[in-house]
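Below is one structure, written out as structure tokens, with a few remarks after it.
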Amino acid sequence: MGRSCVYKLKAMTALGGTKPRVDVFAGVKISENPDRALVSVSARQGHETVCRERARAFLGVDLPAPARAASSEGFGVLWIGPDAWMVEADHTRHELLASEIKTAVADAGSVVEQTDGWCRFEVEGSKVCDLFERLCNVDVQAMLGDAVVRTSIHHVGCYLWCREAGAAFTVMGPRSSAASLHHALIESAGVVSLD
Amino acid sequence: MKQVNRLSGGLVDRDQVLGFTFDGKRYEGHGGDTLASALLANGVRLMGRSFKYHRPRGVMTAGSEEPDALVELRSGGRQEPNTRATVAELFDGMQARSQNRWPSLRHDMMAVNDRLSNFLTAGFYYKTFMWPKAFWEKLYEPTIRHAAGLGRVSGEDDPDVYDKGFLHCDLLIIGAGPAGLSAALTAGRAGARVILADEDFAFGGRLNAEMFEVGGEAGSDWAKAAVAELASMGNVRLMARTTVVGAFDHGVYGAVERVADHVAAPVEGQPRQVFWRITSKRALLCAGATERPIAFANNDRPGIMMASAVRSFANRWAVAAHETVAVFTNNDDGHRTAADLIAKGVRVTAVIDTRADAPAVEGAELFAGAQVIDSRGRLGLESVRIRTAQGFTRDIVCGALAVSGGWNPNVHLTCHQRGRPQWDETLAAFVPGPDLPVGMLVAGAASGVLSTEGALRTGAEGAVAVLADLGIAATAAVPQAEDAPVDLTPFWHVSESKGRAWIDMQNDVTVKDIKLAHQENFVSVEHLKRYTTLGMATDQGKTSNMGGLAVMAELTGKSIPETGTTMFRPPYTPVSFGALAGRAVGKHFHPVRETPSHNWATERGAVFVEVGDWLRAQWFPQPGETHWRQSVDREVLATRRSVGVCDVTTLGKIDVQGADAAEFLNKVYANAFAKLPVGKVRYGLMLREDGIAYDDGTAARFAEDHFVVTTTTANAVLVYRQMEFARQCLWPDLDVQLISTTEAWAQYAVAGPNSRKLLEKIVDPRFDISNEAFPFMACGEVTICGGLRARLFRISFSGELAYEIAVPTRYGDAMIRALMDEGEAFDVVPYGTEALGVMRIEKGHAAGNELNGTTTALNLGMGRMVSKKKDCIGNTLSERAGLNMADALKLVGVKPVDATQAVKAGGHLMAKEGPVDAAHDQGYVTSAAYSPILESSIGLALLKNGAARLGEVMRIANPLEGDDVEVEIVSAHFVDPDGEKLRV
């Protein structure tokens, strides 16, 4: 994962492994994903338009509206608050994503490195909606692609990002609770796989 | 015994033969049976004993309203008491036992209570067990609890898992009888997202229990076809075995799905029950109605049942309640029971109708204008005595009596948000009032429309109406069905009855008890309920409330609506704790937060402590250490002697950026931050608006417009929330952006005289961290281990030369291992929160024990930090006179005069000589520890005018534990009071 080999230090995934974990159930596959860099961008007061324009120029996509995500080649962006977004990119190619984006938006935005603040699971399969019905108070059946909500899963605050309606979601939760979040995911996956 | 009462027909699956036991005796039933129907089929009428008097009881109803036929199912961890036999779906191998009897159901010794009933009236406990007071807890209550009550739990852990979930829909339909099915078809065909939930395992409601036709076919066949059509719709979710138990705010309903109650044990991994939170845009309540009894003397004998239940058992389950049945009614519904039974060949010995103009009955003797005044039969009904219209008495032989006193619409869920039902004179019943939960409509019998055609019609029309609100066009299509009017003359209880006439079967409340409550002035319905226990327990008075109200109304001379009802609250039927807990049990009760060094610490045998959700290493035992103090003392000494490392990732980290970031921090901290140079850290104290200190930490300035604030572990969320509030609401014009980065960085405290030497081996050489280049309270971005980005802070909680180093969390595990490897040359030790605590007490640093919600900066010895030159949260109110008295509490150190004695937190400071009482309280010990450096117990304390009392000898009194220790008041800074170690 990542460029860990360039340091003397070895990176660990949020679940404490050296390789991301994958769990497969009938109708649901859950994959730990440590390979996305994350950076938050907040527009400075009075510079909202400039921040958006500069971000779009760098990312190649408009910063999305509330509860939405948008993607370009190489970047994904999700709305996380008023005039605030989270940008994601491949970790190997963008380990210094924060400084790249700060350079792009300059004084028009506040940029914060968030990569290791989050654990991330890609959840896909025909029973993915059944799974999330048991985990969070979100109308997952009605979510379209690139819809994003902030929700609570097993009392852990998470982002739930619909990648493909009814078929694929990304869950991002606080890294320290990765084990609890993963436990909740696989327990419920086990249940829905019985149906 | 071979199902002696099994009739032909019905909806049971005769091909499926299910064996079960009741009180150890083997029986057989069929698929589709409930335990109650199977027992009746086998001629078993006696199913339980009553709560208080241990009276023999049988099944009274055929649904979830059952008050009497309560049994224990299963055994061991799955033992489940108070299960209603009427809703327990029969499965092969079911083990059921009667409860609340000894030694057996037929011969229950506690039935002696029945003989003493004259003494055990309402309020008996309150009047009798008043003295001696001390006996209540140890004698009276345990004895009463033993004698009264229902079933018992095994005390073993439940081996099953339970779950919860969240559903969303346009329309939630509660109840799948004719109204619910009709509504679901209407809404489903219109394309709405529909959830149809019913507590029964078979959809259809009374369509499965009546002989009526719908649209030219049997009602049950119509229901079956409707369910098949609904099941084929992708927009309709059918939820059988699902009871909607509560109506909450914003269209949210709670529902319990019994996934595996109908099998001996769930499939491995399958939850037994699921508690669903259903968010609906609209809800249609089609919960039907509950038939009510008529009270008369000894109306509780096994065999005396609701007429609709007798009909249900006959029509749906093909079971005769007994070979001879009589009917007692005040309305036409009782006649239906008689007609259906006669059609099935059951002998109906009489129809006793309180109405003088009762319609004729074909095939049974009718007693119009008559009343049942008593019954006979010790363990089961043998006959009833009636008073005819002419005034004669006559005994009617019957093994079952089907009683109908009319119907009560199931309005419960309409009242869960404090709506009140309203009285309907025609039905002599309460119907839903105007104050329904937002988004709810009621249809069918629940709305007081009691005919099948009416239910089908109002269900469909209700769906059309609520969907129109949502902009969904739907069309009502109603099949032809029975549409008989309600013909009922209200009749609640037989007044001439000499014996006890039972109103509430489950709580053994009689008409006489209600009269006594009235006599003793408990006339309000709420008082009546609590004094007599009418309407309490598992059935919540579904068959008894109206009877009780009617009797009270009669006694007070008021009408029933004037008398009013008690408040219906969730849950509609009992909910298991397992369903409420879901998966949040055992170690998964709450989520866990693991620090980046968690796996490494586990390998090292660390003992962990929960700090909120965090698991932090408390200490790291070494071989040979048998007591925690040995480990902690060693960690403290090694750190102070050379170097120690502690994972401090749990401290909150808030990234603060923006052109006005410094001004913002100046406002949220009590002390000044505007002029903090870039590359420096400052200790900061935060006050509440009332001037009380609530958190402390540091702010590091990485750029003119960029700070990183650290908070205590406990207050990380609170501080972030307060800062967001300040940003958004107090100073919205400031250009400030906040975001938590607590999780993004693994942060380690490296403390001790050799800490710099150790870090020099980690930090890349191009960064000079010498004392001159990187002095006390410096901070900066560095790289380590060949280029990895990191943050370095020269701050100290221990009082030693110390740093905190932060790396991206994914490298946190590797970082602690690197620090241990590189530190080997310095005998580095990891230290846990206990050693951390000892060292901060030695240094005199305040922590959570001192920031306890009552202390000010002045109390903590930091009064001068509160800037008078700027506006900040809490500084004005911190100047209140009461917080600034001359003898205000001040933080001091305490040390026992006799070093062998221990100081304990919580003890109160008293004058050395003099009384030990609250009036002479001088202060209290907030924190205490054994200091291995000082080889003495020490403590921090808040003492009145403490700063001026150093050297004074006082005593710490702890009357709760009997401690009384002489201590000397000393400086809170036991170690390095001048801070020289920090700056070398």
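Every chain in the structure tokens has a letter given in the order shown (A, B, ...), and although residue numbers restart at 1 in each chain, ligands are simply numbered from 1 in the order shown.
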**Asked** region 461-678 of chain B: which residues are alpha helix (DSSP H) by DSSP, as an MDAnalysis selection string?
**Response** chainID B and resid 461:469 511:519 525:532 545:556 560:563 577:581 598:603 628:641 661:668
**Asked** Mind listing as a ChimeraX atom specification which residues of chain A are within 6 Å of chain B, counting only C-alpha atoms?
**Response** /A:7-12,45,114,116-117,133-134,137,139,176-177,180,191
**Asked** Mind pulling up the distance from CA of Thr186 (chain B) to CA of Ala255 (chain B)?
**Response**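 Atom-to-atom, CA of Ala255 (chain B) and CA of Thr186 (chain B) are spaced 22.7 Å apart.
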**Message:** Using DSSP assignments from the backbone, pull out every residue in region 37-194 of chain A that falls under strand (DSSP E) and give it to me as a count of residues only.
**Reply:** 59
**Prompt:** Near Arg355 (chain B), within 8 Å and counting only C-alpha atoms, which residues show up once chain neighbours fewer than 6 positions away are dropped, as a ChimeraX atom specification?
**Reply:** /B:330-331,368-370,489
Same residues, N, CA and C atoms, saved as a compact mmCIF listing (two decimals), in the first residue's frame:
# COMPACT_ATOMS: atom_id res chain seq x y z
N ASN B 330 -74.31 -8.97 23.60
CA ASN B 330 -75.19 -7.80 23.60
C ASN B 330 -75.30 -7.22 22.20
N ASN B 331 -74.81 -8.00 21.21
CA ASN B 331 -74.80 -7.47 19.83
C ASN B 331 -74.87 -8.63 18.84
N ALA B 368 -83.52 -14.12 24.88
CA ALA B 368 -83.44 -12.67 24.66
C ALA B 368 -83.71 -11.95 25.97
N GLY B 369 -83.00 -10.84 26.17
CA GLY B 369 -83.18 -10.05 27.39
C GLY B 369 -82.66 -10.77 28.62
N ALA B 370 -81.82 -11.76 28.42
CA ALA B 370 -81.30 -12.55 29.54
C ALA B 370 -79.85 -12.18 29.84
N THR B 489 -76.39 -3.01 22.05
CA THR B 489 -76.89 -2.27 23.21
C THR B 489 -75.82 -2.35 24.28
Please list as a compact mmCIF listing (two decimals) with C-alpha atoms, in the first residue's frame every residue within 10 Å of region 162-169 of chain A, counting only C-alpha atoms and excluding residues in the same chain fewer than 6 positions away.
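Written file, selection.txt:
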# COMPACT_ATOMS: atom_id res chain seq x y z
CA GLY A 27 -24.48 -10.83 -2.26
CA VAL A 28 -22.02 -8.53 -0.47
CA LYS A 29 -18.31 -7.89 -0.80
CA ILE A 30 -16.57 -5.62 1.71
CA ARG A 68 -23.56 15.07 -3.57
CA ALA A 69 -20.23 13.87 -4.86
CA PHE A 121 -14.60 0.31 3.01
CA GLU A 122 -15.92 -0.36 -0.46
CA VAL A 123 -19.16 -2.32 -0.15
CA GLU A 124 -20.74 -3.81 -3.22
CA GLY A 125 -23.11 -6.51 -4.32
CA SER A 126 -26.74 -7.26 -4.93
CA LYS A 127 -27.62 -7.15 -1.21
CA VAL A 128 -25.83 -3.95 -0.39
CA CYS A 129 -29.07 -2.05 0.30
CA ASP A 130 -30.29 -4.82 2.60
CA PHE A 132 -27.18 -0.76 4.98
CA VAL A 140 -30.32 3.64 0.74
CA GLN A 141 -32.84 2.25 -1.73
CA ALA A 142 -33.50 5.76 -2.94
CA MET A 143 -29.87 6.85 -3.18
CA LEU A 144 -28.62 7.52 -6.67
CA GLY A 145 -25.02 7.40 -7.80
CA ASP A 146 -22.85 10.11 -6.20
CA ALA A 147 -25.34 10.78 -3.44
CA VAL A 148 -23.53 11.19 -0.11
CA VAL A 149 -24.89 11.33 3.42
**Item:** Which residue of B:Tyr53, B:Trp102, B:Arg78, B:Leu196 approaches Asn118 (chain B) most closely, using only C-alpha atoms
**Value:** B:Tyr53
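Taking only C-alpha atoms into account, Asp83 (chain A) lies nearest to A:His47 out of the set A:His155, A:Lys19, A:Arg175, A:His47.
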**Complete:** Correct to one decimal, the distance CA of Leu934 (chain B)-CA of Lys843 (chain B) is 11.8 Å
**Request:** Quick one: pull the distance between CA of Trp407 (chain B) and CA of Asn82 (chain B), Å, one decimal.
**Result:** 25.2 Å
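If you count only C-alpha atoms and ignore residues fewer than 6 places along the chain from Phe25 (chain A), what sits within 8 Å of it is A:Ala189, A:Gly190, A:Ser193.
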Selected residues written out, N, CA and C atoms, as an mmCIF file, in the first residue's frame:
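Now in out28.cif:
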data_model
loop_
_atom_site.group_PDB
_atom_site.id
_atom_site.type_symbol
_atom_site.label_atom_id
_atom_site.label_comp_id
_atom_site.auth_asym_id
_atom_site.auth_seq_id
_atom_site.Cartn_x
_atom_site.Cartn_y
_atom_site.Cartn_z
ATOM 1 N N ALA A 189 -23.557 -8.175 7.081
ATOM 2 C CA ALA A 189 -23.401 -8.865 5.791
ATOM 3 C C ALA A 189 -23.702 -10.347 5.962
ATOM 4 N N GLY A 190 -23.263 -10.901 7.080
ATOM 5 C CA GLY A 190 -23.554 -12.308 7.361
ATOM 6 C C GLY A 190 -25.043 -12.567 7.440
ATOM 7 N N SER A 193 -26.763 -12.139 3.983
ATOM 8 C CA SER A 193 -26.380 -13.196 3.049
ATOM 9 C C SER A 193 -27.209 -14.460 3.273
#
**Request:** Write out as a list in words which residues come within 7 Å of Leu860 (chain B) when counting only C-alpha atoms, dropping same-chain ones fewer than 2 positions away.
**Result:**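 With the cut-off at 7 Å, the set is Thr856, Ala857, Leu858, Met862, Lys890 and Leu891 of chain B.
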Those same residues - C-alpha atoms - I'd like them written as a CSV table (one decimal), in the first residue's frame.
chain,number,residue,atom,x,y,z
B,856,THR,CA,-12.3,28.5,38.0
B,857,ALA,CA,-8.9,29.6,36.7
B,858,LEU,CA,-8.4,31.3,40.1
B,862,MET,CA,-4.2,30.3,36.9
B,890,LYS,CA,-6.8,27.2,45.6
B,891,LEU,CA,-4.8,24.3,44.2
**Prompt:** Counting only C-alpha atoms, what is within 7 Å of Arg45 (chain B), bar same-chain residues fewer than 3 positions away, as a count of residues only?
**Reply:** 5
